[in-house]
>>> print(open('target.cif').read())   # mmCIF, C-alpha atoms
data_entry
loop_
_atom_site.label_atom_id
_atom_site.label_comp_id
_atom_site.auth_asym_id
_atom_site.auth_seq_id
_atom_site.Cartn_x
_atom_site.Cartn_y
_atom_site.Cartn_z
CA MET A 11 1.74 12.90 48.82
CA LYS A 12 4.61 13.32 46.36
CA VAL A 13 5.58 10.67 43.81
CA LEU A 14 8.72 10.71 41.67
CA MET A 15 8.55 8.67 38.45
CA VAL A 16 11.91 7.31 37.25
CA VAL A 17 11.66 6.03 33.68
CA SER A 18 13.89 3.82 31.55
CA TRP A 19 12.89 5.45 28.24
CA TYR A 20 11.20 8.69 27.31
CA SER A 21 10.64 11.10 24.41
CA PRO A 22 13.27 13.75 23.61
CA LYS A 23 12.84 17.18 25.15
CA ASN A 24 10.57 19.45 23.06
CA ALA A 25 9.61 16.58 20.74
CA GLU A 26 6.78 17.67 18.48
CA VAL A 27 5.06 14.31 18.97
CA MET A 28 5.69 12.34 22.16
CA SER A 29 6.23 8.69 21.30
CA ALA A 30 8.70 6.83 23.49
CA GLY A 31 7.37 6.50 27.01
CA VAL A 32 4.34 8.71 26.42
CA PHE A 33 2.35 6.50 28.81
CA HIS A 34 4.78 7.46 31.60
CA TYR A 35 3.89 11.10 31.01
CA GLU A 36 0.16 10.43 30.73
CA GLN A 37 0.07 8.41 33.94
CA SER A 38 2.11 11.06 35.78
CA MET A 39 -0.31 13.77 34.67
CA ALA A 40 -3.37 11.64 35.45
CA LEU A 41 -2.14 11.22 39.04
CA LYS A 42 -1.90 14.99 39.60
CA PRO A 43 -5.46 15.38 40.97
CA TYR A 44 -4.49 12.92 43.72
CA CYS A 45 -0.82 13.66 44.42
CA ASP A 46 2.12 15.81 43.35
CA THR A 47 4.19 14.13 40.63
CA ALA A 48 7.53 14.70 38.95
CA LEU A 49 9.54 12.64 36.45
CA TYR A 50 13.24 11.80 36.17
CA TYR A 51 14.78 10.40 32.97
CA PRO A 52 18.45 9.43 33.45
CA TYR A 53 19.18 8.11 29.95
CA ASP A 54 18.72 11.10 27.63
CA GLN A 55 21.15 10.74 24.70
CA ASN A 56 20.33 14.17 23.20
CA LEU A 57 20.57 16.47 26.22
CA PRO A 58 23.04 19.33 25.57
CA SER A 59 23.96 19.68 29.25
CA LYS A 60 24.70 16.96 31.81
CA PHE A 61 21.59 17.59 33.91
CA GLU A 62 18.45 19.67 33.37
CA LYS A 63 15.30 20.51 35.25
CA ALA A 64 12.30 22.03 33.48
CA GLU A 65 8.52 22.16 33.38
CA GLU A 66 7.66 20.03 30.32
CA ARG A 67 4.02 19.97 29.19
CA GLY A 68 2.93 20.76 32.73
CA LEU A 69 5.11 18.11 34.40
CA LEU A 70 8.23 18.85 36.46
CA THR A 71 10.89 16.88 34.59
CA TYR A 72 14.51 16.11 35.42
CA ARG A 73 16.86 14.76 32.74
CA ARG A 74 20.38 13.33 32.86
CA ARG A 75 22.53 12.97 29.74
CA LEU A 76 23.61 9.38 29.15
CA PRO A 77 27.44 9.28 29.45
CA LYS A 78 29.37 7.87 26.50
CA VAL A 79 31.72 5.22 27.85
CA LYS A 80 33.43 2.65 25.62
CA ILE A 81 33.63 -0.12 28.25
CA PRO A 82 30.07 -1.32 29.10
CA LYS A 83 30.80 -2.34 32.70
CA ILE A 84 32.38 1.03 33.46
CA GLY A 85 29.48 2.76 31.71
CA LEU A 86 26.95 0.90 33.86
CA GLY A 87 28.83 1.89 37.01
CA VAL A 88 28.91 5.53 35.94
CA GLN A 89 25.16 5.44 35.23
CA ILE A 90 24.38 4.01 38.66
CA VAL A 91 26.54 6.60 40.42
CA ASN A 92 24.93 9.41 38.39
CA ILE A 93 21.41 8.19 39.20
CA ILE A 94 22.12 7.95 42.94
CA CYS A 95 23.70 11.44 42.96
CA ASP A 96 20.80 12.86 40.96
CA LEU A 97 18.23 11.22 43.23
CA LYS A 98 19.91 12.74 46.30
CA ARG A 99 19.62 16.15 44.66
CA ILE A 100 16.03 15.61 43.46
CA CYS A 101 14.86 14.20 46.79
CA LYS A 102 16.34 17.13 48.66
CA GLU A 103 14.39 19.50 46.41
CA PHE A 104 11.19 17.61 45.50
CA LYS A 105 10.97 15.44 48.66
CA PRO A 106 9.08 12.44 47.25
CA ASP A 107 7.24 10.11 49.62
CA VAL A 108 7.41 7.29 47.05
CA ILE A 109 9.74 6.67 44.11
CA HIS A 110 8.05 4.82 41.25
CA ALA A 111 10.61 3.16 38.95
CA HIS A 112 9.53 1.94 35.53
CA CYS A 113 11.34 -1.32 34.71
CA ALA A 114 13.74 -3.27 36.91
CA ILE A 115 16.53 -2.56 34.45
CA PRO A 116 18.01 -0.24 33.61
CA ALA A 117 16.39 2.21 36.07
CA GLY A 118 14.93 0.01 38.81
CA PHE A 119 18.17 -1.47 40.14
CA ALA A 120 19.78 1.91 40.87
CA VAL A 121 16.53 3.31 42.27
CA THR A 122 15.95 0.42 44.69
CA LEU A 123 19.59 0.63 45.76
CA PHE A 124 19.07 4.33 46.50
CA GLY A 125 15.78 3.64 48.28
CA LYS A 126 17.38 0.99 50.47
CA ILE A 127 20.24 3.30 51.45
CA TYR A 128 18.11 6.40 52.11
CA GLY A 129 14.91 4.81 53.38
CA ILE A 130 12.52 5.92 50.65
CA PRO A 131 10.00 3.27 49.52
CA VAL A 132 10.27 2.21 45.88
CA VAL A 133 7.58 0.75 43.62
CA ILE A 134 8.47 -0.90 40.29
CA THR A 135 6.20 -1.23 37.26
CA GLU A 136 7.65 -3.66 34.73
CA HIS A 137 7.06 -2.73 31.07
CA ASN A 138 9.81 -4.86 29.55
CA PRO A 139 8.81 -8.25 28.12
CA ILE A 140 10.77 -11.12 29.64
CA GLU A 141 12.31 -11.68 26.19
CA HIS A 142 14.24 -8.40 26.64
CA PHE A 143 15.93 -9.65 29.79
CA THR A 144 19.27 -11.41 29.29
CA LEU A 145 18.72 -13.59 32.33
CA ASP A 146 21.45 -16.00 31.26
CA LYS A 147 23.90 -13.29 32.34
CA LYS A 148 24.37 -13.60 36.10
CA VAL A 149 25.01 -9.89 36.61
CA ILE A 150 21.74 -8.92 34.89
CA LYS A 151 19.69 -11.53 36.73
CA SER A 152 21.15 -10.53 40.09
CA GLN A 153 20.36 -6.84 39.41
CA VAL A 154 16.78 -7.65 38.44
CA ASN A 155 16.38 -9.92 41.44
CA PHE A 156 17.77 -7.22 43.74
CA ALA A 157 15.32 -4.66 42.36
CA TYR A 158 12.26 -6.90 42.73
CA SER A 159 13.36 -8.17 46.16
CA HIS A 160 13.94 -4.72 47.67
CA SER A 161 11.04 -2.79 46.15
CA LYS A 162 7.88 -2.44 48.21
CA ALA A 163 5.67 -3.57 45.30
CA ASN A 164 6.20 -5.02 41.82
CA ILE A 165 3.54 -4.26 39.22
CA CYS A 166 3.11 -5.99 35.87
CA VAL A 167 1.04 -4.52 33.05
CA SER A 168 -0.52 -7.79 31.94
CA LYS A 169 -1.33 -11.19 33.42
CA ASP A 170 1.03 -12.85 30.96
CA SER A 171 3.89 -10.65 32.17
CA MET A 172 3.05 -11.39 35.80
CA ASP A 173 3.01 -15.15 35.20
CA LYS A 174 6.40 -15.03 33.47
CA MET A 175 7.93 -12.87 36.20
CA LYS A 176 6.64 -15.21 38.91
CA SER A 177 8.13 -18.15 37.05
CA ASN A 178 11.56 -16.55 36.78
CA PHE A 179 11.57 -14.85 40.20
CA PRO A 180 9.45 -17.13 42.42
CA GLN A 181 10.65 -15.52 45.65
CA CYS A 182 9.29 -12.09 44.61
CA ASN A 183 5.71 -10.84 44.70
CA PHE A 184 3.93 -9.41 41.64
CA LYS A 185 0.47 -8.06 40.88
CA VAL A 186 -1.25 -6.63 37.80
CA ILE A 187 -2.21 -3.03 37.17
CA TYR A 188 -2.80 -2.32 33.48
CA ASN A 189 -1.38 0.71 31.68
CA GLY A 190 -3.80 3.62 31.94
CA ILE A 191 -5.45 4.97 28.78
CA TYR A 192 -7.25 8.30 28.33
CA SER A 193 -10.88 7.90 27.30
CA PRO A 194 -12.01 9.17 23.86
CA GLU A 195 -14.01 11.96 25.51
CA VAL A 196 -10.83 13.40 27.04
CA ILE A 197 -8.68 13.20 23.89
CA GLY A 198 -11.28 14.10 21.26
CA ASN A 199 -10.38 13.86 17.55
CA ASP A 200 -8.87 16.05 14.86
CA GLY A 201 -12.01 16.15 12.67
CA VAL A 202 -10.28 14.63 9.63
CA ASN A 203 -11.71 11.68 7.70
CA TYR A 204 -9.07 8.98 7.17
CA ARG A 205 -11.37 6.17 6.14
CA ILE A 206 -11.20 5.00 2.51
CA ASP A 207 -14.76 4.63 1.24
CA GLY A 208 -15.80 1.29 -0.22
CA LYS A 209 -12.96 -0.55 1.55
CA ILE A 210 -12.50 -2.59 4.69
CA ASN A 211 -10.39 -0.28 6.84
CA CYS A 212 -8.09 -1.63 9.56
CA CYS A 213 -5.22 -0.09 11.53
CA ILE A 214 -2.09 -1.05 13.40
CA VAL A 215 -0.38 1.35 15.82
CA ALA A 216 3.18 0.13 16.35
CA ALA A 217 6.53 1.92 16.13
CA PHE A 218 9.33 0.74 13.84
CA TYR A 219 11.97 0.68 16.60
CA SER A 220 12.75 -2.95 15.69
CA LYS A 221 12.87 -4.70 12.35
CA ASP A 222 10.99 -7.73 13.60
CA ILE A 223 9.20 -7.39 16.96
CA LYS A 224 5.99 -5.73 15.78
CA GLY A 225 5.35 -8.36 13.11
CA TYR A 226 5.23 -6.11 10.04
CA GLN A 227 7.31 -8.70 8.15
CA PHE A 228 4.23 -10.96 8.29
CA LEU A 229 1.42 -8.40 8.26
CA ILE A 230 2.31 -6.53 5.06
CA PRO A 231 2.69 -9.78 3.06
CA ALA A 232 -0.68 -10.85 4.52
CA ILE A 233 -2.26 -7.70 3.05
CA ALA A 234 -0.61 -8.55 -0.28
CA GLN A 235 -2.17 -12.01 -0.23
CA LEU A 236 -5.59 -10.65 0.65
CA LYS A 237 -5.34 -8.14 -2.19
CA LYS A 238 -4.59 -10.99 -4.62
CA ARG A 239 -7.66 -12.83 -3.32
CA GLY A 240 -9.77 -9.78 -4.15
CA MET A 241 -10.45 -8.49 -0.64
CA PRO A 242 -10.99 -4.69 -0.76
CA ILE A 243 -8.84 -3.98 2.30
CA VAL A 244 -6.80 -0.97 3.40
CA LEU A 245 -4.26 -1.15 6.23
CA HIS A 246 -3.47 2.12 8.01
CA ILE A 247 -0.10 2.11 9.82
CA VAL A 248 0.66 4.57 12.62
CA GLY A 249 4.22 4.83 13.89
CA GLY A 250 7.72 5.93 13.00
CA GLY A 251 11.23 4.72 13.75
CA ASP A 252 14.47 3.42 12.31
CA TYR A 253 12.84 0.78 10.10
CA PHE A 254 10.04 2.94 8.71
CA ASP A 255 11.62 3.28 5.25
CA TYR A 256 12.44 -0.44 5.18
CA TYR A 257 8.76 -1.32 5.41
CA VAL A 258 7.67 1.43 3.04
CA ASP A 259 10.00 -0.21 0.51
CA MET A 260 8.54 -3.63 1.32
CA ALA A 261 5.04 -2.36 0.58
CA LYS A 262 6.26 -1.04 -2.79
CA GLN A 263 8.00 -4.31 -3.64
CA LEU A 264 4.83 -6.27 -2.80
CA GLU A 265 2.80 -3.77 -4.86
CA VAL A 266 0.44 -2.85 -2.01
CA GLU A 267 1.15 0.91 -1.84
CA ASP A 268 -2.49 1.47 -2.79
CA CYS A 269 -3.79 -0.47 0.22
CA VAL A 270 -1.12 0.18 2.88
CA ILE A 271 -1.06 3.77 4.12
CA PHE A 272 1.85 4.91 6.31
CA HIS A 273 0.86 7.81 8.57
CA GLY A 274 4.14 8.06 10.53
CA ASN A 275 4.23 9.42 14.07
CA CYS A 276 0.93 11.09 14.92
CA GLN A 277 -0.49 13.35 17.57
CA LYS A 278 -2.84 11.53 19.94
CA LYS A 279 -5.93 13.17 18.46
CA LYS A 280 -5.04 11.86 15.02
CA VAL A 281 -4.42 8.38 16.41
CA TYR A 282 -7.82 8.37 18.11
CA SER A 283 -9.48 9.71 14.95
CA LEU A 284 -7.87 7.03 12.81
CA VAL A 285 -8.63 4.16 15.15
CA SER A 286 -12.22 5.25 15.75
CA GLN A 287 -12.89 5.21 11.97
CA MET A 288 -11.59 1.68 11.46
CA ASP A 289 -13.60 -1.52 11.13
CA PHE A 290 -11.09 -3.29 13.37
CA ASN A 291 -7.52 -2.97 14.62
CA ILE A 292 -4.51 -5.27 14.59
CA SER A 293 -1.60 -6.18 16.88
CA ALA A 294 0.80 -8.48 14.96
CA SER A 295 3.67 -8.57 17.46
CA ILE A 296 6.05 -11.46 17.99
CA TYR A 297 6.12 -10.66 21.70
CA GLU A 298 4.71 -7.93 23.94
CA CYS A 299 4.69 -7.16 27.63
CA SER A 300 1.25 -5.56 27.29
CA GLY A 301 -0.13 -3.46 24.44
CA VAL A 302 -1.10 0.18 24.88
CA SER A 303 -2.41 0.37 21.30
CA VAL A 304 -4.65 -2.64 22.00
CA GLU A 305 -6.08 -0.91 25.06
CA GLU A 306 -6.67 2.32 23.11
CA ALA A 307 -8.51 0.53 20.31
CA LEU A 308 -10.72 -1.34 22.77
CA LEU A 309 -11.51 1.89 24.61
CA LEU A 310 -12.70 3.22 21.25
CA GLY A 311 -14.99 0.20 20.96
CA LYS A 312 -13.04 -1.49 18.17
CA PRO A 313 -12.59 -5.29 17.97
CA MET A 314 -9.00 -6.51 17.84
CA LEU A 315 -7.10 -9.08 15.84
CA VAL A 316 -4.08 -9.97 18.01
CA THR A 317 -1.29 -12.51 17.76
CA ARG A 318 -0.31 -14.79 20.62
CA SER A 319 2.46 -12.42 21.61
CA GLY A 320 1.91 -12.89 25.35
CA GLY A 321 0.88 -9.57 26.83
CA ALA A 322 -1.43 -8.42 24.06
CA ASN A 323 -3.54 -11.56 23.87
CA SER A 324 -3.80 -11.66 27.68
CA LEU A 325 -5.61 -8.29 27.54
CA VAL A 326 -8.56 -9.64 25.53
CA ASN A 327 -11.28 -12.30 25.46
CA ASP A 328 -13.21 -13.93 22.63
CA LYS A 329 -16.06 -11.40 22.87
CA ILE A 330 -13.81 -8.51 21.91
CA ALA A 331 -11.00 -10.04 19.85
CA ILE A 332 -9.78 -12.79 17.57
CA VAL A 333 -6.43 -14.34 18.52
CA VAL A 334 -4.11 -16.02 15.99
CA ASP A 335 -0.63 -17.51 16.02
CA ARG A 336 2.30 -15.12 15.97
CA GLY A 337 5.02 -15.07 13.33
CA SER A 338 2.79 -16.32 10.51
CA THR A 339 1.51 -14.57 7.40
CA GLU A 340 -1.00 -17.39 6.88
CA ALA A 341 -2.36 -16.98 10.42
CA LEU A 342 -2.86 -13.25 9.86
CA VAL A 343 -4.57 -13.84 6.52
CA GLY A 344 -6.94 -16.33 8.13
CA GLY A 345 -7.51 -14.05 11.12
CA ILE A 346 -8.37 -11.05 8.95
CA GLU A 347 -10.75 -13.14 6.86
CA LYS A 348 -12.45 -14.41 10.02
CA MET A 349 -12.58 -10.88 11.46
CA VAL A 350 -14.32 -9.52 8.35
CA GLU A 351 -16.85 -12.34 8.61
CA MET A 352 -17.40 -11.77 12.36
CA LEU A 353 -17.57 -7.95 12.33
CA PRO A 354 -21.40 -7.78 12.64
CA HIS A 355 -21.25 -9.91 15.79
CA PHE A 356 -18.98 -7.63 17.83
CA ASN A 357 -20.73 -5.23 20.22
CA GLN A 358 -18.98 -1.83 20.32
CA GLU A 359 -20.61 -0.85 23.61
CA GLU A 360 -19.57 -4.11 25.27
CA ILE A 361 -15.99 -3.64 24.05
CA TYR A 362 -15.90 -0.10 25.43
CA ASP A 363 -17.32 -1.15 28.82
CA TYR A 364 -14.71 -3.90 29.17
CA ALA A 365 -11.89 -1.50 28.29
CA PHE A 366 -13.14 1.27 30.58
CA ARG A 367 -13.25 -1.04 33.60
CA ASN A 368 -9.75 -2.35 33.02
CA PHE A 369 -7.74 0.37 31.27
CA GLU A 370 -9.28 3.84 31.72
CA ILE A 371 -6.56 6.04 33.18
CA ASP A 372 -8.44 7.44 36.17
CA GLN A 373 -9.40 3.91 37.23
CA VAL A 374 -5.72 2.99 37.01
CA SER A 375 -4.68 6.13 38.92
CA GLN A 376 -6.92 5.21 41.81
CA LYS A 377 -5.36 1.73 41.92
CA TYR A 378 -1.91 3.30 42.09
CA MET A 379 -3.01 5.70 44.84
CA ASN A 380 -4.28 2.75 46.87
CA LEU A 381 -0.92 1.06 46.28
CA TYR A 382 1.11 4.13 47.31
CA ASN A 383 -0.94 4.54 50.50
CA ALA A 384 -0.49 0.88 51.38
CA VAL A 385 3.26 1.13 50.76
CA LEU A 386 3.56 4.19 53.01
CA GLU A 387 1.54 2.52 55.76
CA ASN A 388 3.93 -0.44 55.72
CA LYS A 389 7.20 1.22 54.69
CA ASP A 390 9.00 0.20 57.87
CA GLU A 391 8.24 -3.50 57.44
#
>>> encode(input="target.cif", output="structure tokens")
Amino acid sequence: MKVLMVVSWYSPKNAEVMSAGVFHYEQSMALKPYCDTALYYPYDQNLPSKFEKAEERGLLTYRRRLPKVKIPKIGLGVQIVNIICDLKRICKEFKPDVIHAHCAIPAGFAVTLFGKIYGIPVVITEHNPIEHFTLDKKVIKSQVNFAYSHSKANICVSKDSMDKMKSNFPQCNFKVIYNGIYSPEVIGNDGVNYRIDGKINCCIVAAFYSKDIKGYQFLIPAIAQLKKRGMPIVLHIVGGGDYFDYYVDMAKQLEVEDCVIFHGNCQKKKVYSLVSQMDFNISASIYECSGVSVEEALLLGKPMLVTRSGGANSLVNDKIAIVVDRGSTEALVGGIEKMVEMLPHFNQEEIYDYAFRNFEIDQVSQKYMNLYNAVLENKDE
């Protein structure tokens, strides 16, 4: 079997550290023992040529440069035409049995349109939170509805996401398959000690692609309050992005540079090393579709403090996490204080077992293989 992944976002070519869409790459590679996979990214803003094909980190990868068009509606039309033309070319060469689109928009609409015209079954995995959909715009809602209605299966990466999709698109079918995460044994660690002795060490892994979504505007002030109360706490932050410097400056202004450490973008081994050395980990998001960093921390046996952001809190239960209100410094302060008090009661082995059953990448790959086989068996229906 051959499966072509079509992704809505992805890391730049030859990026030293893969960040955007790294889980697309990891899932594509994890499927290789079971099927032949390739990946197509039609929205590359940095590609020097219009279209490229290359072996990238062991994965056959096709890229299309995003056209610069001043009028949005014309730009969208050009993108759709480019994707359909590219897919004709890729399918002639790679010959996929299934096309797996990631997100109904922007990629999924064009892919399902292509699949309907050329008779290739399409599967969609939705990674976008419902808050990112502008469903009040009729054109957007009709495109999303078309994608979900004409795909052979619609996958959500959390129960919360599935419930919201069902509510907004009641005529479409959805099911849950979590994002797949590599186990600690596969990734290993970099052998460096990041823990600050004599302190309570916690970590958040969340990129600064938005000023607000990841909740840093509440988390860093929460650390400042805890410092004033005398708690010996250190927050390790993993992630880069446009607002990185903004939050570095915030930490300086709040005088918490000594207990907030910014690590920037990190290789996976460093991330796993950091997280594994923590007392607990945090997700402070305002909203999430799922939470790959939550899954990674749990797979490393670490208890989580998560906000009621939707996807993230639907990944956990009260035996492995503490859940607090989103968008509140006071809630995070109280949650961290409760977490420190409850740390001896969390069972690392129980947390790992829960995460392995639900999130380990080979378990997820087998679920996708079962899905692909079912789709191919019923592709003419």
>>> resolve_selection(input="target.cif", expression="the PyMOL selection byres ((chain A and resi 193) around 12)", output="PyMOL selection string")
chain A and resi 36+40+190-192+194-199+278-279+282+286+305-311+362-363+365-373
>>> atom_distance(input="target.cif", atom1="atom CA of A:Ala30", atom2="atom CA of A:Gly274")
13.8 Å
>>> atom_distance(input="target.cif", atom1="atom CA of A:Val333", atom2="atom CA of A:Pro354")
17.4 Å
>>> atom_distance(input="target.cif", atom1="atom CA of A:Asn327", atom2="atom CA of A:Asp170")
13.5 Å
>>> resolve_selection(input="target.cif", expression="the PyMOL selection byres ((chain A and resi 347-351) around 9)", output="NGL selection string")
:A and (210 or 236 or 241 or 289-290 or 313-315 or 331-332 or 342-346 or 352-355)
>>> residues_around(input="target.cif", residues="A:Lys312", least_positions_apart="6", cutoff="7 Å", atoms="all atoms listed in the file", output="MDAnalysis selection string")
chainID A and resid 290:291 358 361
>>> resolve_selection(input="target.cif", expression="the PyMOL selection byres ((chain A and resi 114) around 9)", output="VMD selection string")
chain A and resid 18 111 to 113 115 to 122 134 to 138 153 to 158
>>> closest_residue(input="target.cif", among="A:Phe356, A:Arg99, A:Ser220, A:Phe272", to="A:Ile296", atoms="only C-alpha atoms")
A:Ser220
>>> axis_aligned_box(input="target.cif", around="stretch 184-202 of chain A", padding_each_side="6 Å", output="JSON")
{"center_x": -5.0, "center_y": 3.4, "center_z": 25.6, "size_x": 29.9, "size_y": 37.6, "size_z": 44.0}
>>> residues_around(input="target.cif", residues="A:Glu103", least_positions_apart="2", cutoff="12 Å", atoms="all atoms listed in the file", output="list in words")
Lys12, Leu14, Ala48, Lys63, Leu70, Tyr72, Asp96, Leu97, Lys98, Arg99, Ile100, Cys101, Lys105 and Pro106 of chain A
>>> residues_near_point(input="target.cif", point="(21.8, 11.3, 25.5)", cutoff="6 Å", atoms="all atoms listed in the file", output="PyMOL selection string")
chain A and resi 54-57+75-76
>>> closest_residue(input="target.cif", among="A:His110, A:Val215, A:Arg239, A:Phe124", to="A:Val91", atoms="all atoms listed in the file")
A:Phe124
>>> residues_around(input="target.cif", residues="A:Tyr256", least_positions_apart="2", cutoff="12 Å", atoms="only C-alpha atoms", output="VMD selection string")
chain A and resid 218 to 222 226 to 227 230 250 to 254 258 to 263 272
>>> closest_residue(input="target.cif", among="A:Val285, A:Val132, A:Ile109, A:Ile233", to="A:Tyr204", atoms="only C-alpha atoms")
A:Val285
>>> closest_residue(input="target.cif", among="A:Phe33, A:Met175, A:Ile247, A:Ile271", to="A:Ile206", atoms="all atoms listed in the file")
A:Ile271
>>> closest_residue(input="target.cif", among="A:Ser29, A:Gln235, A:Gln181, A:Ser300", to="A:Cys166", atoms="only C-alpha atoms")
A:Ser300
>>> closest_residue(input="target.cif", among="A:Ile223, A:Val167, A:Ala216, A:Cys276", to="A:Val374", atoms="only C-alpha atoms")
A:Val167
>>> residues_near_point(input="target.cif", point="(1.7, 4.2, 49.6)", cutoff="10 Å", atoms="all atoms listed in the file", output="list in words")
Met11, Val13, Asp107, Val108, Pro131, Val132, Val133, Lys162, Ala163, Tyr378, Met379, Asn380, Leu381, Tyr382, Asn383, Ala384, Val385, Leu386, Glu387, Asn388 and Lys389 of chain A
